[in-house]
Amino acid sequence: MERSGLSLKSHVRQLRERAGLRPGELAQSIGLTRQALHSIETQAYVPNTLIAFQLARVLNCTVDELFTLSRPQVNAELIGRATLPTRVQLARLGERLLGFALTGEAGLGQAADGMASALETPNELAPGGAEAVAVELFSDLSRADQTAVLVGCDPSLGLAATYVARQRPQARLLWHSLSSTAALHALARNEAHAAGIHLYEAAPGISNLDAVQRELPGQRVHLFTLWSWEQGLMVAAGNPLRLHTPADLLRPGVRLVNREPGAGSRALLDAWLSGAGVSLAQRRQLPGYTDEVPGHLEAAALVASGQADAAPGPRSTAQALGLDFVPVQRERFDLVVPAAHLQHPAIAALLLAVQQPDFRAELAALGGYDPQHAGELWQTTSPALETP
C-alpha cells in the first residue's frame, strides 16, 4: 500500500491480538468478512474511513494507532553481527538480497540504503542461513542490483572502491574487511561477488591459486592480479628494539601481536619463523603469538600504542600509522571472481579502475605497492569433470 514513495503500514493484527480477539470475532463486529479483514491486516487492502473508525472503536485505539505511514519495506538477509535496528547497505547476489550492517567507525561516514529491524514474525532464517530482517528503504531498491560486494583484508581495496565510483557512478562497490581465508569462505557462501586475497604457499605450491581450488572446488573462478606488496614486520617508530629479521622475534622481551588463523599475514609469519627453525610448539610460546586481531590496521594500532613491539603486515599500513617497517618478502595480491559475477557492472568497473594511471600512481604512493600488472587475468580454474 504505497503512497508517494511511502507505504501505509497496518497494525490491526497486533492490536487485535492484544485485545484477545480472534479474526472472525473482529470481522463480525464491524460487518466484514474474514477475508477482507485478512487483506487489511496484511496490507493488501486500504479500508475506507468508516471501517477504519469502526476498527478503532472496537479495538479501543485511535485510527493513527491502526495505520502509520512508513517508507517501503523489503525483506533481506542480515550479513554479520549487529544489534537491531541497524543501518544497512543492500546488495543482490542472484536471488538473495543481502543487508550489510553499517557499524563501527567505518560506517559513520557511509550512506545507508535502509534501516533493518526484526521481522514481525521472528525466528525466521533466510535460505542462506542468515537472519531474515525487514528493511525500511531510504533509497531506490534498484541500487542493490548495481552493487557488488568485495571482501579482503587490504585497506587499499577501499581506495579502489572510490575509483569505481568515479569510473562508473551508477555502479557501487562495497568493501568489507575479511582475512583472505574468510574472504574465500564468503565467496563459497555466495555472500560476496569478489575477494582480494594473499595466501602464501611454500614451494611447490602456487600462492593464492591453491587456496582458491581448495576453498572453491568445482567452480569456474578467475584470478586477476591486483598488485604486489611488501610484507614484513611493523615495528615502533625508530625501531627501538633493533628488529631486523623475523628471527629477532625470539629475543627476550619482544612482544608480538598476531593476525587470526586464515589471515595471509599470519601464514607469512608462520613461514618466516618455520624458515628460522622455529617449530609450531615454539611459536605458540612466543609472547603475543596467540594475541590475535582481525585486520592490519588493528595490529599496527597496537604497535603504535606500545601494547606490542611487532606485528606481521604490509609496508603501507606501517607507513600510514607512522611506524617503521622491516621488509621480509614481496607478495602478490589477487582478485578472485567467480565466473557468475564477472560481468557485474561494479566488478567490470573495478578491473578497469585499477588499470588507470591515476589509481596506480596513488596506490604506489601509499608505500610498498607495485601495481604494474593490476587488472590482468592471471589464472582461471576449471570445474571438476563429473565421473559418469
# chains A, B, ... in the order shown; residues from 1 in each chain; ligands from 1
$ select_by_dssp --residues "region 55-236 of chain A" --states "strand (DSSP E or B)" --output "NGL selection string"
:A and (67-70 or 73-79 or 86-93 or 96-101 or 114-118 or 125 or 131-137 or 147-152 or 172-177 or 194-197 or 221-235)
$ write_last_selection --atoms "C-alpha atoms" --output "tab-separated table (two decimals), in the first residue's frame"
chain	number	residue	atom	x	y	z
A	67	PHE	CA	-2.25	2.69	10.46
A	68	THR	CA	1.03	4.56	10.09
A	69	LEU	CA	2.86	5.91	7.08
A	70	SER	CA	6.28	4.37	6.57
A	73	GLN	CA	9.97	-2.23	3.12
A	74	VAL	CA	11.69	-5.33	1.80
A	75	ASN	CA	12.95	-8.48	3.44
A	76	ALA	CA	16.68	-9.16	3.32
A	77	GLU	CA	19.33	-11.38	4.87
A	78	LEU	CA	21.47	-9.69	7.51
A	79	ILE	CA	25.17	-10.49	6.99
A	86	THR	CA	20.70	-1.10	12.35
A	87	ARG	CA	21.53	0.82	9.19
A	88	VAL	CA	22.37	-1.41	6.23
A	89	GLN	CA	23.63	-1.27	2.67
A	90	LEU	CA	21.97	-3.69	0.27
A	91	ALA	CA	23.39	-5.87	-2.48
A	92	ARG	CA	21.77	-8.55	-4.60
A	93	LEU	CA	23.53	-11.85	-5.26
A	96	ARG	CA	19.37	-13.23	-2.49
A	97	LEU	CA	19.05	-9.68	-1.17
A	98	LEU	CA	21.78	-9.14	1.42
A	99	GLY	CA	21.94	-6.41	4.04
A	100	PHE	CA	25.39	-5.40	5.34
A	101	ALA	CA	25.28	-3.53	8.64
A	114	GLY	CA	17.73	1.42	4.72
A	115	MET	CA	17.11	0.55	8.35
A	116	ALA	CA	16.96	-3.15	9.21
A	117	SER	CA	14.75	-4.36	12.04
A	118	ALA	CA	13.42	-7.66	13.29
A	125	LEU	CA	16.01	-17.80	8.82
A	131	GLU	CA	18.89	-13.84	9.86
A	132	ALA	CA	15.95	-12.53	7.86
A	133	VAL	CA	15.17	-8.87	8.57
A	134	ALA	CA	12.77	-6.21	7.40
A	135	VAL	CA	14.48	-3.22	5.77
A	136	GLU	CA	12.77	0.17	5.60
A	137	LEU	CA	14.22	1.67	2.43
A	147	THR	CA	26.17	-3.06	-6.10
A	148	ALA	CA	28.97	-5.60	-5.84
A	149	VAL	CA	30.45	-6.81	-2.56
A	150	LEU	CA	34.24	-7.05	-2.36
A	151	VAL	CA	35.86	-8.74	0.64
A	152	GLY	CA	39.52	-8.83	1.63
A	172	ARG	CA	28.79	0.72	-6.40
A	173	LEU	CA	31.48	-1.42	-4.81
A	174	LEU	CA	31.10	-2.25	-1.13
A	175	TRP	CA	34.36	-3.28	0.53
A	176	HIS	CA	34.25	-5.32	3.73
A	177	SER	CA	37.43	-6.25	5.56
A	194	ALA	CA	34.75	-10.97	-5.41
A	195	ALA	CA	37.57	-11.41	-2.91
A	196	GLY	CA	41.03	-9.91	-2.57
A	197	ILE	CA	43.46	-12.49	-1.18
A	221	VAL	CA	36.87	-18.87	-10.95
A	222	HIS	CA	39.02	-16.10	-12.44
A	223	LEU	CA	42.09	-14.76	-10.66
A	224	PHE	CA	43.22	-11.28	-11.64
A	225	THR	CA	46.42	-9.63	-10.50
A	226	LEU	CA	45.73	-6.55	-8.40
A	227	TRP	CA	49.22	-5.71	-7.19
A	228	SER	CA	52.21	-7.00	-5.32
A	229	TRP	CA	53.14	-5.52	-1.96
A	230	GLU	CA	55.92	-5.62	0.59
A	231	GLN	CA	55.19	-7.71	3.65
A	232	GLY	CA	57.29	-7.74	6.78
A	233	LEU	CA	57.28	-6.65	10.40
A	234	MET	CA	55.57	-3.46	11.52
A	235	VAL	CA	57.61	-2.08	14.43
$ residues_around --residues "Asp358 (chain A)" --least-positions-apart "6" --cutoff "12 Å" --atoms "only C-alpha atoms" --output "short mmCIF file (atom, residue, chain, number, x, y, z; two decimals) with N, CA, C and O atoms, in the first residue's frame"
data_model
loop_
_atom_site.label_atom_id
_atom_site.label_comp_id
_atom_site.auth_asym_id
_atom_site.auth_seq_id
_atom_site.Cartn_x
_atom_site.Cartn_y
_atom_site.Cartn_z
N LEU A 159 40.21 2.15 -1.27
CA LEU A 159 40.62 3.16 -2.25
C LEU A 159 40.13 2.77 -3.64
O LEU A 159 39.62 3.61 -4.40
N ALA A 160 40.25 1.48 -3.98
CA ALA A 160 39.78 1.02 -5.28
C ALA A 160 38.28 1.26 -5.44
O ALA A 160 37.80 1.60 -6.53
N TYR A 163 37.54 4.69 -6.68
CA TYR A 163 37.83 4.85 -8.11
C TYR A 163 36.74 4.20 -8.96
O TYR A 163 36.47 4.64 -10.08
N ARG A 166 34.12 6.74 -9.45
CA ARG A 166 34.49 7.72 -10.47
C ARG A 166 34.36 7.13 -11.87
O ARG A 166 33.94 7.81 -12.81
N GLN A 167 34.73 5.86 -11.99
CA GLN A 167 34.73 5.20 -13.30
C GLN A 167 33.31 5.00 -13.80
O GLN A 167 33.02 5.20 -14.98
N LEU A 352 38.63 -2.17 -14.56
CA LEU A 352 39.05 -1.04 -15.39
C LEU A 352 39.74 0.03 -14.55
O LEU A 352 40.76 0.60 -14.95
N ALA A 364 50.75 3.35 -5.50
CA ALA A 364 52.20 3.27 -5.28
C ALA A 364 52.65 4.25 -4.22
O ALA A 364 53.59 3.97 -3.45
N ALA A 365 51.99 5.41 -4.14
CA ALA A 365 52.37 6.43 -3.16
C ALA A 365 52.09 5.98 -1.73
O ALA A 365 52.65 6.54 -0.78
N PRO A 371 51.76 -1.83 -8.69
CA PRO A 371 50.51 -2.11 -9.42
C PRO A 371 50.72 -2.28 -10.92
O PRO A 371 49.76 -2.13 -11.70
#
$ residues_around --residues "region 320-322 of chain A" --least-positions-apart "2" --cutoff "12 Å" --atoms "only C-alpha atoms" --output "NGL selection string"
:A and (155-156 or 234-239 or 296-305 or 313-318 or 324-325 or 365-368)
$ atom_distance --atom1 "CA of Ile30 (chain A)" --atom2 "CA of Gln54 (chain A)"
6.3 Å
$ atom_distance --atom1 "CA of Gln219 (chain A)" --atom2 "CA of Glu376 (chain A)"
20.1 Å
$ residues_around --residues "Ala349 (chain A)" --least-positions-apart "4" --cutoff "8 Å" --atoms "only C-alpha atoms" --output "list in words"
Val164, Gln167, Arg168, Ala171, Pro345 and Ala353 of chain A
$ write_last_selection --atoms "all heavy atoms" --output "compact mmCIF listing (two decimals), in the first residue's frame"
# COMPACT_ATOMS: atom_id res chain seq x y z
N VAL A 164 36.12 3.15 -8.46
CA VAL A 164 34.98 2.55 -9.17
C VAL A 164 33.86 3.57 -9.29
O VAL A 164 33.23 3.71 -10.35
CB VAL A 164 34.49 1.29 -8.44
CG1 VAL A 164 33.13 0.85 -8.97
CG2 VAL A 164 35.50 0.16 -8.60
N GLN A 167 34.73 5.86 -11.99
CA GLN A 167 34.73 5.20 -13.30
C GLN A 167 33.31 5.00 -13.80
O GLN A 167 33.02 5.20 -14.98
CB GLN A 167 35.42 3.84 -13.18
CG GLN A 167 35.68 3.14 -14.50
CD GLN A 167 36.81 3.80 -15.26
OE1 GLN A 167 37.79 4.23 -14.68
NE2 GLN A 167 36.65 3.89 -16.58
N ARG A 168 32.42 4.57 -12.91
CA ARG A 168 31.04 4.29 -13.31
C ARG A 168 30.13 4.69 -12.15
O ARG A 168 29.83 3.88 -11.26
CB ARG A 168 30.88 2.80 -13.64
CG ARG A 168 29.52 2.46 -14.24
CD ARG A 168 29.45 1.02 -14.71
NE ARG A 168 30.38 0.74 -15.79
CZ ARG A 168 30.46 -0.43 -16.42
NH1 ARG A 168 29.67 -1.42 -16.06
NH2 ARG A 168 31.33 -0.62 -17.41
N ALA A 171 27.40 2.47 -10.67
CA ALA A 171 27.80 1.22 -10.02
C ALA A 171 28.36 1.53 -8.64
O ALA A 171 28.86 2.62 -8.38
CB ALA A 171 28.83 0.48 -10.86
N PRO A 345 28.42 -5.01 -13.32
CA PRO A 345 28.94 -3.68 -13.69
C PRO A 345 29.98 -3.13 -12.73
O PRO A 345 30.93 -2.47 -13.16
CB PRO A 345 27.68 -2.80 -13.72
CG PRO A 345 26.61 -3.58 -13.01
CD PRO A 345 26.94 -5.01 -13.21
N ALA A 353 39.20 0.28 -13.35
CA ALA A 353 39.73 1.35 -12.49
C ALA A 353 41.17 1.09 -12.08
O ALA A 353 42.00 2.01 -12.05
CB ALA A 353 38.85 1.53 -11.26
$ closest_residue --among "A:Arg255, A:Arg266, A:Arg143, A:Arg284" --to "Tyr200 (chain A)" --atoms "only C-alpha atoms"
A:Arg266
$ atom_distance --atom1 "CA of Asn208 (chain A)" --atom2 "CA of Gly264 (chain A)"
9.7 Å
$ closest_residue --among "A:Leu256, A:Ala186, A:Leu157, A:Ala112" --to "Ala144 (chain A)" --atoms "only C-alpha atoms"
A:Ala112
$ closest_residue --among "A:Leu363, A:Ala374, A:Ala310, A:Val337" --to "His244 (chain A)" --atoms "only C-alpha atoms"
A:Ala310
$ residues_around --residues "Leu178 (chain A)" --least-positions-apart "3" --cutoff "8 Å" --atoms "only C-alpha atoms" --output "NGL selection string"
:A and (151-153 or 182-183 or 294-295)
$ closest_residue --among "A:Asp64, A:Gln146, A:Leu50, A:Arg22" --to "Ser10 (chain A)" --atoms "only C-alpha atoms"
A:Asp64
$ closest_residue --among "A:Pro287, A:Asp370, A:Tyr45, A:Val336" --to "Ala188 (chain A)" --atoms "only C-alpha atoms"
A:Val336
$ closest_residue --among "A:Pro357, A:Ala346, A:Gly158, A:His341" --to "Gln170 (chain A)" --atoms "only C-alpha atoms"
A:Ala346
$ residues_around --residues "Leu66 (chain A)" --least-positions-apart "5" --cutoff "12 Å" --atoms "only C-alpha atoms" --output "mmCIF file with all heavy atoms, in the first residue's frame"
data_model
loop_
_atom_site.group_PDB
_atom_site.id
_atom_site.type_symbol
_atom_site.label_atom_id
_atom_site.label_comp_id
_atom_site.auth_asym_id
_atom_site.auth_seq_id
_atom_site.Cartn_x
_atom_site.Cartn_y
_atom_site.Cartn_z
ATOM 1 N N LEU A 8 1.580 2.500 3.586
ATOM 2 C CA LEU A 8 0.691 2.526 4.745
ATOM 3 C C LEU A 8 0.831 1.204 5.471
ATOM 4 O O LEU A 8 0.542 0.142 4.919
ATOM 5 C CB LEU A 8 -0.760 2.741 4.293
ATOM 6 C CG LEU A 8 -1.766 3.062 5.403
ATOM 7 C CD1 LEU A 8 -1.421 4.402 6.050
ATOM 8 C CD2 LEU A 8 -3.173 3.091 4.835
ATOM 9 N N LYS A 9 1.320 1.265 6.690
ATOM 10 C CA LYS A 9 1.580 0.054 7.462
ATOM 11 C C LYS A 9 0.424 -0.203 8.411
ATOM 12 O O LYS A 9 0.008 0.677 9.173
ATOM 13 C CB LYS A 9 2.880 0.187 8.241
ATOM 14 C CG LYS A 9 3.302 -1.092 8.944
ATOM 15 C CD LYS A 9 4.685 -0.935 9.554
ATOM 16 C CE LYS A 9 5.151 -2.242 10.189
ATOM 17 N NZ LYS A 9 6.505 -2.106 10.769
ATOM 18 N N SER A 10 -0.106 -1.424 8.381
ATOM 19 C CA SER A 10 -1.238 -1.801 9.227
ATOM 20 C C SER A 10 -0.756 -2.442 10.520
ATOM 21 O O SER A 10 0.107 -3.318 10.512
ATOM 22 C CB SER A 10 -2.138 -2.787 8.474
ATOM 23 O OG SER A 10 -3.111 -3.326 9.348
ATOM 24 N N HIS A 11 -1.323 -1.990 11.634
ATOM 25 C CA HIS A 11 -1.044 -2.587 12.946
ATOM 26 C C HIS A 11 -2.295 -3.266 13.497
ATOM 27 O O HIS A 11 -2.366 -3.540 14.701
ATOM 28 C CB HIS A 11 -0.560 -1.505 13.917
ATOM 29 C CG HIS A 11 0.602 -0.715 13.421
ATOM 30 N ND1 HIS A 11 1.879 -1.216 13.384
ATOM 31 C CD2 HIS A 11 0.662 0.542 12.896
ATOM 32 C CE1 HIS A 11 2.694 -0.296 12.880
ATOM 33 N NE2 HIS A 11 1.973 0.771 12.574
ATOM 34 N N VAL A 12 -3.265 -3.543 12.615
ATOM 35 C CA VAL A 12 -4.548 -4.092 13.057
ATOM 36 C C VAL A 12 -4.351 -5.454 13.720
ATOM 37 O O VAL A 12 -4.943 -5.740 14.773
ATOM 38 C CB VAL A 12 -5.526 -4.193 11.871
ATOM 39 C CG1 VAL A 12 -6.816 -4.910 12.293
ATOM 40 C CG2 VAL A 12 -5.844 -2.804 11.332
ATOM 41 N N ARG A 13 -3.533 -6.295 13.105
ATOM 42 C CA ARG A 13 -3.362 -7.628 13.671
ATOM 43 C C ARG A 13 -2.789 -7.583 15.086
ATOM 44 O O ARG A 13 -3.285 -8.272 15.987
ATOM 45 C CB ARG A 13 -2.438 -8.454 12.780
ATOM 46 C CG ARG A 13 -2.173 -9.851 13.325
ATOM 47 C CD ARG A 13 -1.258 -10.631 12.411
ATOM 48 N NE ARG A 13 -0.909 -11.922 12.988
ATOM 49 C CZ ARG A 13 -0.099 -12.804 12.423
ATOM 50 N NH1 ARG A 13 0.445 -12.534 11.250
ATOM 51 N NH2 ARG A 13 0.173 -13.942 13.019
ATOM 52 N N GLN A 14 -1.745 -6.768 15.295
ATOM 53 C CA GLN A 14 -1.149 -6.679 16.623
ATOM 54 C C GLN A 14 -2.152 -6.169 17.651
ATOM 55 O O GLN A 14 -2.227 -6.688 18.774
ATOM 56 C CB GLN A 14 0.081 -5.773 16.599
ATOM 57 C CG GLN A 14 1.215 -6.274 15.707
ATOM 58 C CD GLN A 14 1.157 -5.689 14.313
ATOM 59 O OE1 GLN A 14 0.123 -5.749 13.648
ATOM 60 N NE2 GLN A 14 2.278 -5.131 13.870
ATOM 61 N N LEU A 15 -2.937 -5.144 17.274
ATOM 62 C CA LEU A 15 -3.916 -4.581 18.209
ATOM 63 C C LEU A 15 -5.049 -5.570 18.469
ATOM 64 O O LEU A 15 -5.585 -5.646 19.585
ATOM 65 C CB LEU A 15 -4.450 -3.260 17.667
ATOM 66 C CG LEU A 15 -3.418 -2.124 17.632
ATOM 67 C CD1 LEU A 15 -3.937 -0.948 16.824
ATOM 68 C CD2 LEU A 15 -3.065 -1.691 19.050
ATOM 69 N N ARG A 16 -5.432 -6.330 17.436
ATOM 70 C CA ARG A 16 -6.481 -7.348 17.638
ATOM 71 C C ARG A 16 -5.993 -8.426 18.600
ATOM 72 O O ARG A 16 -6.738 -8.829 19.514
ATOM 73 C CB ARG A 16 -6.850 -7.982 16.291
ATOM 74 C CG ARG A 16 -7.782 -9.196 16.418
ATOM 75 C CD ARG A 16 -8.138 -9.794 15.086
ATOM 76 N NE ARG A 16 -6.986 -10.258 14.324
ATOM 77 C CZ ARG A 16 -6.323 -11.383 14.594
ATOM 78 N NH1 ARG A 16 -6.656 -12.130 15.636
ATOM 79 N NH2 ARG A 16 -5.305 -11.751 13.826
ATOM 80 N N ILE A 40 -6.771 -6.433 5.133
ATOM 81 C CA ILE A 40 -6.388 -5.221 5.856
ATOM 82 C C ILE A 40 -5.166 -5.485 6.726
ATOM 83 O O ILE A 40 -4.226 -4.687 6.768
ATOM 84 C CB ILE A 40 -7.572 -4.719 6.723
ATOM 85 C CG1 ILE A 40 -8.719 -4.239 5.822
ATOM 86 C CG2 ILE A 40 -7.120 -3.597 7.654
ATOM 87 C CD1 ILE A 40 -9.991 -3.905 6.577
ATOM 88 N N GLU A 41 -5.172 -6.624 7.412
ATOM 89 C CA GLU A 41 -4.068 -6.937 8.315
ATOM 90 C C GLU A 41 -2.766 -7.185 7.567
ATOM 91 O O GLU A 41 -1.681 -6.909 8.092
ATOM 92 C CB GLU A 41 -4.415 -8.154 9.177
ATOM 93 C CG GLU A 41 -5.500 -7.882 10.201
ATOM 94 C CD GLU A 41 -5.712 -9.044 11.148
ATOM 95 O OE1 GLU A 41 -5.254 -10.171 10.842
ATOM 96 O OE2 GLU A 41 -6.339 -8.818 12.212
ATOM 97 N N GLN A 43 -1.975 -5.743 4.732
ATOM 98 C CA GLN A 43 -1.673 -4.538 3.967
ATOM 99 C C GLN A 43 -1.948 -4.690 2.478
ATOM 100 O O GLN A 43 -1.402 -3.953 1.660
ATOM 101 C CB GLN A 43 -0.216 -4.101 4.205
ATOM 102 C CG GLN A 43 0.092 -3.858 5.667
ATOM 103 C CD GLN A 43 1.527 -3.477 5.945
ATOM 104 O OE1 GLN A 43 1.873 -3.113 7.056
ATOM 105 N NE2 GLN A 43 2.386 -3.556 4.941
ATOM 106 N N VAL A 46 -6.556 -1.145 1.606
ATOM 107 C CA VAL A 46 -6.703 0.036 2.451
ATOM 108 C C VAL A 46 -8.185 0.245 2.738
ATOM 109 O O VAL A 46 -8.971 0.456 1.808
ATOM 110 C CB VAL A 46 -6.128 1.287 1.758
ATOM 111 C CG1 VAL A 46 -6.301 2.512 2.638
ATOM 112 C CG2 VAL A 46 -4.663 1.085 1.406
ATOM 113 N N PRO A 47 -8.607 0.162 4.008
ATOM 114 C CA PRO A 47 -10.031 0.323 4.322
ATOM 115 C C PRO A 47 -10.481 1.770 4.161
ATOM 116 O O PRO A 47 -9.667 2.703 4.240
ATOM 117 C CB PRO A 47 -10.103 -0.122 5.785
ATOM 118 C CG PRO A 47 -8.762 0.210 6.345
ATOM 119 C CD PRO A 47 -7.797 -0.056 5.220
ATOM 120 N N THR A 49 -12.730 5.189 5.348
ATOM 121 C CA THR A 49 -12.713 5.913 6.627
ATOM 122 C C THR A 49 -13.670 5.304 7.633
ATOM 123 O O THR A 49 -13.335 5.168 8.824
ATOM 124 C CB THR A 49 -13.080 7.383 6.382
ATOM 125 O OG1 THR A 49 -12.193 7.939 5.409
ATOM 126 C CG2 THR A 49 -12.987 8.190 7.672
ATOM 127 N N ILE A 51 -14.775 2.163 7.961
ATOM 128 C CA ILE A 51 -14.254 0.904 8.517
ATOM 129 C C ILE A 51 -13.090 1.181 9.461
ATOM 130 O O ILE A 51 -12.969 0.549 10.520
ATOM 131 C CB ILE A 51 -13.831 -0.041 7.387
ATOM 132 C CG1 ILE A 51 -15.061 -0.503 6.603
ATOM 133 C CG2 ILE A 51 -13.081 -1.247 7.940
ATOM 134 C CD1 ILE A 51 -14.733 -1.359 5.397
ATOM 135 N N ALA A 52 -12.250 2.148 9.122
ATOM 136 C CA ALA A 52 -11.114 2.478 9.983
ATOM 137 C C ALA A 52 -11.596 2.943 11.350
ATOM 138 O O ALA A 52 -11.060 2.532 12.390
ATOM 139 C CB ALA A 52 -10.261 3.550 9.326
ATOM 140 N N PHE A 53 -12.640 3.818 11.370
ATOM 141 C CA PHE A 53 -13.159 4.282 12.653
ATOM 142 C C PHE A 53 -13.838 3.146 13.422
ATOM 143 O O PHE A 53 -13.757 3.090 14.655
ATOM 144 C CB PHE A 53 -14.114 5.453 12.443
ATOM 145 C CG PHE A 53 -13.415 6.779 12.334
ATOM 146 C CD1 PHE A 53 -13.224 7.384 11.107
ATOM 147 C CD2 PHE A 53 -12.927 7.418 13.471
ATOM 148 C CE1 PHE A 53 -12.570 8.596 11.006
ATOM 149 C CE2 PHE A 53 -12.275 8.640 13.377
ATOM 150 C CZ PHE A 53 -12.088 9.237 12.144
ATOM 151 N N GLN A 54 -14.510 2.226 12.727
ATOM 152 C CA GLN A 54 -15.131 1.088 13.394
ATOM 153 C C GLN A 54 -14.066 0.181 14.028
ATOM 154 O O GLN A 54 -14.235 -0.296 15.165
ATOM 155 C CB GLN A 54 -15.982 0.293 12.400
ATOM 156 C CG GLN A 54 -17.271 0.990 11.989
ATOM 157 C CD GLN A 54 -18.043 0.189 10.956
ATOM 158 O OE1 GLN A 54 -17.453 -0.340 10.017
ATOM 159 N NE2 GLN A 54 -19.356 0.104 11.126
ATOM 160 N N LEU A 55 -12.987 -0.047 13.302
ATOM 161 C CA LEU A 55 -11.895 -0.849 13.860
ATOM 162 C C LEU A 55 -11.315 -0.182 15.107
ATOM 163 O O LEU A 55 -11.038 -0.847 16.124
ATOM 164 C CB LEU A 55 -10.797 -1.035 12.811
ATOM 165 C CG LEU A 55 -11.063 -2.026 11.688
ATOM 166 C CD1 LEU A 55 -10.011 -1.877 10.584
ATOM 167 C CD2 LEU A 55 -11.047 -3.455 12.214
ATOM 168 N N ALA A 56 -11.117 1.130 15.029
ATOM 169 C CA ALA A 56 -10.559 1.855 16.169
ATOM 170 C C ALA A 56 -11.478 1.776 17.380
ATOM 171 O O ALA A 56 -11.010 1.624 18.516
ATOM 172 C CB ALA A 56 -10.306 3.312 15.777
ATOM 173 N N ARG A 57 -12.796 1.855 17.150
ATOM 174 C CA ARG A 57 -13.751 1.785 18.274
ATOM 175 C C ARG A 57 -13.696 0.425 18.947
ATOM 176 O O ARG A 57 -13.603 0.320 20.169
ATOM 177 C CB ARG A 57 -15.160 2.080 17.769
ATOM 178 C CG ARG A 57 -16.260 1.925 18.835
ATOM 179 C CD ARG A 57 -17.629 2.222 18.253
ATOM 180 N NE ARG A 57 -17.925 1.380 17.094
ATOM 181 C CZ ARG A 57 -18.343 0.102 17.193
ATOM 182 N NH1 ARG A 57 -18.509 -0.456 18.396
ATOM 183 N NH2 ARG A 57 -18.599 -0.591 16.107
ATOM 184 N N VAL A 58 -13.728 -0.639 18.138
ATOM 185 C CA VAL A 58 -13.738 -1.991 18.714
ATOM 186 C C VAL A 58 -12.420 -2.305 19.404
ATOM 187 O O VAL A 58 -12.385 -2.949 20.470
ATOM 188 C CB VAL A 58 -14.038 -3.033 17.617
ATOM 189 C CG1 VAL A 58 -13.908 -4.445 18.166
ATOM 190 C CG2 VAL A 58 -15.432 -2.811 17.036
ATOM 191 N N LEU A 59 -11.319 -1.848 18.847
ATOM 192 C CA LEU A 59 -10.007 -2.161 19.405
ATOM 193 C C LEU A 59 -9.547 -1.131 20.435
ATOM 194 O O LEU A 59 -8.441 -1.221 20.960
ATOM 195 C CB LEU A 59 -8.978 -2.258 18.275
ATOM 196 C CG LEU A 59 -9.212 -3.402 17.282
ATOM 197 C CD1 LEU A 59 -8.202 -3.331 16.131
ATOM 198 C CD2 LEU A 59 -9.104 -4.756 17.980
ATOM 199 N N ASN A 60 -10.403 -0.144 20.727
ATOM 200 C CA ASN A 60 -10.134 0.846 21.778
ATOM 201 C C ASN A 60 -8.807 1.569 21.541
ATOM 202 O O ASN A 60 -7.928 1.622 22.395
ATOM 203 C CB ASN A 60 -10.124 0.178 23.162
ATOM 204 C CG ASN A 60 -10.161 1.196 24.290
ATOM 205 O OD1 ASN A 60 -10.712 2.295 24.126
ATOM 206 N ND2 ASN A 60 -9.580 0.853 25.436
ATOM 207 N N CYS A 61 -8.694 2.095 20.322
ATOM 208 C CA CYS A 61 -7.481 2.839 19.981
ATOM 209 C C CYS A 61 -7.856 3.942 19.006
ATOM 210 O O CYS A 61 -9.040 4.109 18.655
ATOM 211 C CB CYS A 61 -6.444 1.914 19.356
ATOM 212 S SG CYS A 61 -6.958 1.199 17.773
#
